[in-house]
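Shown next: target31.csv, containing CSV, C-alpha atoms.
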```
chain,number,residue,atom,x,y,z
A,1,GLN,CA,-14.5,3.4,-8.1
A,2,LYS,CA,-14.4,7.0,-9.1
A,3,GLU,CA,-11.1,8.6,-8.1
A,4,VAL,CA,-9.4,11.9,-8.4
A,5,GLU,CA,-5.7,11.9,-7.6
A,6,GLN,CA,-3.5,14.9,-7.0
A,7,ASN,CA,0.2,15.3,-6.7
A,8,SER,CA,0.5,15.3,-3.0
A,9,GLY,CA,3.0,18.0,-2.5
A,10,PRO,CA,3.6,20.1,-0.5
A,11,LEU,CA,4.8,22.4,-3.2
A,12,SER,CA,6.9,25.5,-2.6
A,13,VAL,CA,7.6,28.1,-5.2
A,14,PRO,CA,9.3,31.5,-5.0
A,15,GLU,CA,7.2,34.6,-5.4
A,16,GLY,CA,6.7,35.5,-9.0
A,17,ALA,CA,7.2,32.0,-10.3
A,18,ILE,CA,4.7,29.7,-12.0
A,19,ALA,CA,3.0,27.1,-9.7
A,20,SER,CA,1.8,23.9,-11.4
A,21,LEU,CA,-0.7,21.7,-9.8
A,22,ASN,CA,-1.7,18.4,-11.4
A,23,CYS,CA,-4.7,16.1,-11.1
A,24,THR,CA,-5.6,12.8,-12.7
A,25,TYR,CA,-8.9,11.1,-12.8
A,26,SER,CA,-10.0,7.5,-13.4
A,27,ASP,CA,-13.6,7.9,-14.6
A,28,ARG,CA,-13.7,8.7,-18.3
A,29,GLY,CA,-17.3,9.6,-17.8
A,30,SER,CA,-16.4,12.7,-15.8
A,31,GLN,CA,-16.9,15.7,-17.9
A,32,SER,CA,-16.4,18.7,-15.7
A,33,PHE,CA,-13.6,19.6,-13.3
A,34,PHE,CA,-13.2,22.2,-10.7
A,35,TRP,CA,-10.3,23.8,-8.9
A,36,TYR,CA,-10.9,25.1,-5.4
A,37,ARG,CA,-8.6,27.0,-3.1
A,38,GLN,CA,-8.9,26.4,0.6
A,39,TYR,CA,-7.1,28.4,3.2
A,40,SER,CA,-6.4,26.8,6.6
A,41,GLY,CA,-9.6,26.6,8.7
A,42,LYS,CA,-11.8,28.0,5.9
A,43,SER,CA,-14.1,26.3,3.4
A,44,PRO,CA,-13.2,25.9,-0.2
A,45,GLU,CA,-13.7,28.7,-2.7
A,46,LEU,CA,-14.1,28.1,-6.4
A,47,ILE,CA,-11.2,29.3,-8.7
A,48,MET,CA,-12.1,27.8,-12.0
A,49,PHE,CA,-14.0,25.1,-13.7
A,50,ILE,CA,-13.3,23.5,-17.1
A,51,TYR,CA,-15.2,21.0,-19.2
A,52,SER,CA,-13.6,21.3,-22.7
A,53,ASN,CA,-10.3,20.0,-23.8
A,54,GLY,CA,-7.5,22.6,-23.9
A,55,ASP,CA,-6.8,25.6,-21.8
A,56,LYS,CA,-9.0,28.1,-20.0
A,57,GLU,CA,-7.5,31.3,-18.7
A,58,ASP,CA,-8.8,33.6,-16.0
A,59,GLY,CA,-6.3,36.3,-14.9
A,60,ARG,CA,-3.3,34.6,-13.4
A,61,PHE,CA,-4.9,31.2,-13.5
A,62,THR,CA,-4.9,28.7,-16.3
A,63,ALA,CA,-6.8,25.4,-16.2
A,64,GLN,CA,-5.8,22.7,-18.6
A,65,LEU,CA,-7.9,19.6,-19.4
A,66,ASN,CA,-6.7,16.6,-21.4
A,67,LYS,CA,-9.5,14.0,-21.7
A,68,ALA,CA,-7.4,11.5,-23.6
A,69,SER,CA,-4.8,11.4,-20.9
A,70,GLN,CA,-7.3,12.0,-18.1
A,71,TYR,CA,-5.5,14.8,-16.4
A,72,VAL,CA,-6.4,18.3,-15.3
A,73,SER,CA,-3.9,20.9,-14.2
A,74,LEU,CA,-3.9,24.4,-12.8
A,75,LEU,CA,-1.1,26.9,-13.5
A,76,ILE,CA,-0.7,30.0,-11.3
A,77,ARG,CA,1.4,32.7,-12.9
A,78,ASP,CA,3.2,35.3,-11.0
A,79,SER,CA,2.6,33.5,-7.7
A,80,GLN,CA,2.0,35.6,-4.7
A,81,PRO,CA,2.3,34.7,-1.0
A,82,SER,CA,-1.4,35.2,-0.7
A,83,ASP,CA,-1.8,32.2,-3.1
A,84,SER,CA,-0.4,30.0,-0.3
A,85,ALA,CA,-3.2,27.5,0.4
A,86,THR,CA,-4.4,24.0,-0.3
A,87,TYR,CA,-5.7,23.5,-3.8
A,88,LEU,CA,-8.4,20.9,-4.4
A,89,CYS,CA,-9.2,19.3,-7.7
A,90,ALA,CA,-12.7,17.9,-8.1
A,91,GLY,CA,-14.5,16.0,-10.8
A,92,LEU,CA,-18.2,16.0,-11.4
A,93,ASN,CA,-19.6,12.5,-11.3
A,94,PRO,CA,-21.6,11.7,-14.4
A,95,GLY,CA,-25.2,10.9,-13.8
A,96,SER,CA,-28.1,12.6,-12.0
A,97,ALA,CA,-26.5,12.8,-8.6
A,98,ARG,CA,-24.2,15.7,-9.7
A,99,GLN,CA,-21.8,14.9,-6.9
A,100,LEU,CA,-18.2,16.1,-6.8
A,101,THR,CA,-15.3,13.8,-6.1
A,102,PHE,CA,-12.4,15.6,-4.5
A,103,GLY,CA,-8.7,14.9,-4.7
A,104,SER,CA,-6.6,14.9,-1.5
A,105,GLY,CA,-5.4,18.4,-2.2
A,106,THR,CA,-2.0,20.0,-2.8
A,107,GLN,CA,-0.6,22.4,-0.3
A,108,LEU,CA,1.1,25.3,-2.0
A,109,THR,CA,3.5,27.7,-0.3
A,110,VAL,CA,4.7,30.8,-2.1
A,111,LEU,CA,7.9,32.1,-0.6
A,112,PRO,CA,8.4,35.8,-0.4
B,113,GLY,CA,-22.8,35.2,-7.3
B,114,ALA,CA,-24.3,32.3,-5.4
B,115,VAL,CA,-24.1,32.6,-1.7
B,116,VAL,CA,-24.5,29.7,0.7
B,117,SER,CA,-24.8,30.6,4.4
B,118,GLN,CA,-24.0,28.1,7.1
B,119,HIS,CA,-24.5,28.3,10.8
B,120,PRO,CA,-23.2,28.0,13.4
B,121,SER,CA,-19.5,28.5,12.4
B,122,ARG,CA,-18.3,26.9,15.6
B,123,VAL,CA,-20.0,24.7,18.2
B,124,ILE,CA,-18.8,22.9,21.3
B,125,CYS,CA,-21.1,20.3,22.7
B,126,LYS,CA,-21.0,17.6,25.4
B,127,SER,CA,-20.8,14.0,24.4
B,128,GLY,CA,-24.2,12.5,24.0
B,129,THR,CA,-26.0,15.7,23.0
B,130,SER,CA,-27.2,16.6,19.5
B,131,VAL,CA,-26.2,19.5,17.3
B,132,LYS,CA,-28.0,21.0,14.4
B,133,ILE,CA,-26.2,22.7,11.5
B,134,GLU,CA,-28.1,24.9,9.0
B,135,CYS,CA,-27.2,25.5,5.4
B,136,ARG,CA,-29.1,28.2,3.4
B,137,SER,CA,-28.9,29.2,-0.2
B,138,LEU,CA,-29.4,33.0,0.0
B,139,ASP,CA,-30.0,34.1,-3.5
B,140,PHE,CA,-31.0,31.0,-5.4
B,141,GLN,CA,-33.1,27.9,-4.9
B,142,ALA,CA,-31.2,24.6,-4.4
B,143,THR,CA,-33.1,21.4,-5.0
B,144,THR,CA,-29.9,19.5,-4.0
B,145,MET,CA,-27.4,20.3,-1.4
B,146,PHE,CA,-24.4,18.3,-0.3
B,147,TRP,CA,-22.9,17.7,3.1
B,148,TYR,CA,-19.2,17.1,3.5
B,149,ARG,CA,-16.9,16.3,6.5
B,150,GLN,CA,-13.3,17.2,6.6
B,151,PHE,CA,-10.8,16.0,9.2
B,152,PRO,CA,-7.5,17.9,9.7
B,153,LYS,CA,-5.1,17.8,6.8
B,154,GLN,CA,-7.5,15.6,4.8
B,155,SER,CA,-9.7,16.3,1.8
B,156,LEU,CA,-13.5,16.7,1.8
B,157,MET,CA,-15.5,13.5,2.1
B,158,LEU,CA,-19.0,13.5,0.9
B,159,MET,CA,-21.4,12.4,3.6
B,160,ALA,CA,-24.8,12.7,1.9
B,161,THR,CA,-26.8,14.4,-0.8
B,162,SER,CA,-29.7,16.3,0.5
B,163,ASN,CA,-32.8,16.4,-1.8
B,164,GLU,CA,-35.6,18.9,-1.3
B,165,GLY,CA,-38.8,17.1,-0.4
B,166,SER,CA,-37.4,13.6,-0.3
B,167,LYS,CA,-35.0,11.5,1.7
B,168,ALA,CA,-31.3,12.2,1.7
B,169,THR,CA,-28.9,9.8,0.0
B,170,TYR,CA,-26.1,8.8,2.2
B,171,GLU,CA,-22.6,7.7,1.2
B,172,GLN,CA,-21.4,4.3,2.2
B,173,GLY,CA,-20.3,4.1,5.8
B,174,VAL,CA,-22.3,7.2,6.9
B,175,GLU,CA,-24.9,6.3,9.5
B,176,LYS,CA,-28.2,7.9,8.5
B,177,ASP,CA,-29.6,7.6,11.9
B,178,LYS,CA,-26.7,9.5,13.4
B,179,PHE,CA,-26.5,12.2,10.8
B,180,LEU,CA,-30.1,13.3,10.2
B,181,ILE,CA,-30.6,15.5,7.1
B,182,ASN,CA,-33.7,17.5,6.5
B,183,HIS,CA,-34.3,19.5,3.3
B,184,ALA,CA,-37.7,20.9,3.8
B,185,SER,CA,-37.5,23.9,1.5
B,186,LEU,CA,-35.6,24.9,-1.6
B,187,THR,CA,-33.3,27.2,0.4
B,188,LEU,CA,-32.6,25.3,3.6
B,189,SER,CA,-31.0,22.0,4.5
B,190,THR,CA,-30.1,21.0,8.0
B,191,LEU,CA,-27.7,18.4,9.3
B,192,THR,CA,-28.3,17.1,12.9
B,193,VAL,CA,-25.5,15.2,14.5
B,194,THR,CA,-27.3,13.0,17.1
B,195,SER,CA,-25.7,11.6,20.2
B,196,ALA,CA,-22.4,13.2,19.3
B,197,HIS,CA,-19.2,11.6,20.4
B,198,PRO,CA,-15.6,13.0,20.4
B,199,GLU,CA,-14.9,11.1,17.1
B,200,ASP,CA,-17.6,13.2,15.5
B,201,SER,CA,-15.5,16.3,16.0
B,202,SER,CA,-14.7,17.6,12.5
B,203,PHE,CA,-15.3,20.4,10.0
B,204,TYR,CA,-18.7,20.0,8.4
B,205,ILE,CA,-19.3,21.9,5.2
B,206,CYS,CA,-22.4,22.2,3.0
B,207,SER,CA,-22.5,23.1,-0.7
B,208,ALA,CA,-25.1,23.9,-3.4
B,209,SER,CA,-25.1,24.8,-7.0
B,210,GLN,CA,-27.1,27.1,-9.3
B,211,GLY,CA,-26.1,24.8,-12.1
B,212,VAL,CA,-23.0,22.9,-13.1
B,213,SER,CA,-21.7,25.7,-15.3
B,214,ARG,CA,-21.6,28.0,-12.2
B,215,GLY,CA,-19.7,25.6,-10.0
B,216,TYR,CA,-20.6,24.5,-6.5
B,217,THR,CA,-20.6,27.1,-3.7
B,218,PHE,CA,-19.6,26.1,-0.2
B,219,GLY,CA,-20.9,27.4,3.0
B,220,SER,CA,-18.4,28.7,5.5
B,221,GLY,CA,-18.3,25.5,7.4
B,222,THR,CA,-19.0,24.4,11.0
B,223,ARG,CA,-16.2,23.4,13.3
B,224,LEU,CA,-17.8,20.9,15.7
B,225,THR,CA,-15.9,19.9,18.9
B,226,VAL,CA,-17.4,17.2,21.1
B,227,VAL,CA,-16.0,17.1,24.6
```
Translate this structure into structure tokens?
Amino acid sequence: QKEVEQNSGPLSVPEGAIASLNCTYSDRGSQSFFWYRQYSGKSPELIMFIYSNGDKEDGRFTAQLNKASQYVSLLIRDSQPSDSATYLCAGLNPGSARQLTFGSGTQLTVLP
Amino acid sequence: GAVVSQHPSRVICKSGTSVKIECRSLDFQATTMFWYRQFPKQSLMLMATSNEGSKATYEQGVEKDKFLINHASLTLSTLTVTSAHPEDSSFYICSASQGVSRGYTFGSGTRLTVV
């Protein structure tokens, strides 16, 4: 069964700190991974996607993918209170269905 | 960027009635759309994959006769919750993609409350 697991949290960090969110996956066939942010009562919004081993940076966000160890992470530098949300990791299932499998999400709170 | 419009955002209906939720891709064509359901403090659960011009593919445990999906055009998919019951109350979200490299865009979601 294809699974995506996230550290359950909740996670609290002080404003300005680095928030580290982690995700592991069981299907070695999964090639692409997505990080979404979801505010309470809202639908998810895409932050980043990554499909190559290594790091991918976009502003304060860095996604890391390690296919050998089957983990994906998201680092948020200079965390802001507005970053407080639930972060969802998703893996793209291989094959023609192109479905995403979501982790359970990690609730992040950035304390002012 | 890709925009997916979903309506209504909130609906309250009586038990036993049916509710239709629309999902539109506004600036791109989507041959495939996805319908998710999310209960409070839980992650998104894929209900079905909607395919333009053909039958939807339902996930295990999702009743196809209860959750009717129609994807009649490249920009519109609808989900109809038939004979709704209080346990169907949930947050329903659709998504579509312009291509894997652009990620999957979600609609704004529909909060369904069955009373």
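Note that the spacing between atom CA of B:Asn182 and atom CA of B:Asn163 amounts to 8.4 Å.
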Next item on the list: Would you give me, as a list of chain:residue names, the residues of chain B that come within 6 Å of chain A, using all atoms listed in the file?
Entry: B:Ser155, B:Ser220, B:Gly221
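All residues of protein, DNA or RNA that reach within 12 Å of B:Gln210, judged by all atoms listed in the file and not counting those fewer than 3 positions away in the chain, are Arg98 of chain A; Gly113, Ala114, Val115, Val116, Ser137, Leu138, Asp139, Phe140, Gln141, Ala142, Thr143, Thr144, Met145, Leu186, Thr187, Ser207, Ser213, Arg214, Gly215, Tyr216, Thr217 and Phe218 of chain B.
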Could the residues in this selection be written to a file with C-alpha atoms, as a tab-separated table (two decimals), keeping the file's coordinate frame?
```
chain	number	residue	atom	x	y	z
A	98	ARG	CA	-24.20	15.70	-9.70
B	113	GLY	CA	-22.80	35.20	-7.30
B	114	ALA	CA	-24.30	32.30	-5.40
B	115	VAL	CA	-24.10	32.60	-1.70
B	116	VAL	CA	-24.50	29.70	0.70
B	137	SER	CA	-28.90	29.20	-0.20
B	138	LEU	CA	-29.40	33.00	0.00
B	139	ASP	CA	-30.00	34.10	-3.50
B	140	PHE	CA	-31.00	31.00	-5.40
B	141	GLN	CA	-33.10	27.90	-4.90
B	142	ALA	CA	-31.20	24.60	-4.40
B	143	THR	CA	-33.10	21.40	-5.00
B	144	THR	CA	-29.90	19.50	-4.00
B	145	MET	CA	-27.40	20.30	-1.40
B	186	LEU	CA	-35.60	24.90	-1.60
B	187	THR	CA	-33.30	27.20	0.40
B	207	SER	CA	-22.50	23.10	-0.70
B	213	SER	CA	-21.70	25.70	-15.30
B	214	ARG	CA	-21.60	28.00	-12.20
B	215	GLY	CA	-19.70	25.60	-10.00
B	216	TYR	CA	-20.60	24.50	-6.50
B	217	THR	CA	-20.60	27.10	-3.70
B	218	PHE	CA	-19.60	26.10	-0.20
```
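Going from atom CA of B:Gly128 over to atom CA of B:Thr192, you cover 12.7 Å.
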Item checked: Residues within 7 Å of (-1.4, 22.9, -11.5), counting only C-alpha atoms, listed as a PyMOL selection string -> chain A and resi 19-22+73-75
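Shortest separation to B:Pro120 among B:Leu191, B:Ala196, B:Ile181, B:Leu158 occurs at residue B:Leu191, atoms counted being all atoms listed in the file.
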Next item on the list: Return the single residue from A:Thr24, A:Ser79, A:Ser69, A:Gln64 that is closest to A:Ser12, with distances computed using only C-alpha atoms.
Entry: A:Ser79
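From atom CA of A:Leu65 back to atom CA of B:Met159, the distance works out to 27.6 Å.
If you measure from each of B:Ala208, B:Ala160, B:Val174, B:Ile133 to B:Thr190 using all atoms listed in the file, the closest one turns out to be B:Ile133.
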Notebook entry, point to check: What lies within 12 Å of A:Ala68 using all atoms listed in the file, ignoring chain neighbours under 3 positions off, as number ranges by chain?
Noted result: A: 24-31, 52-54, 65, 71-72
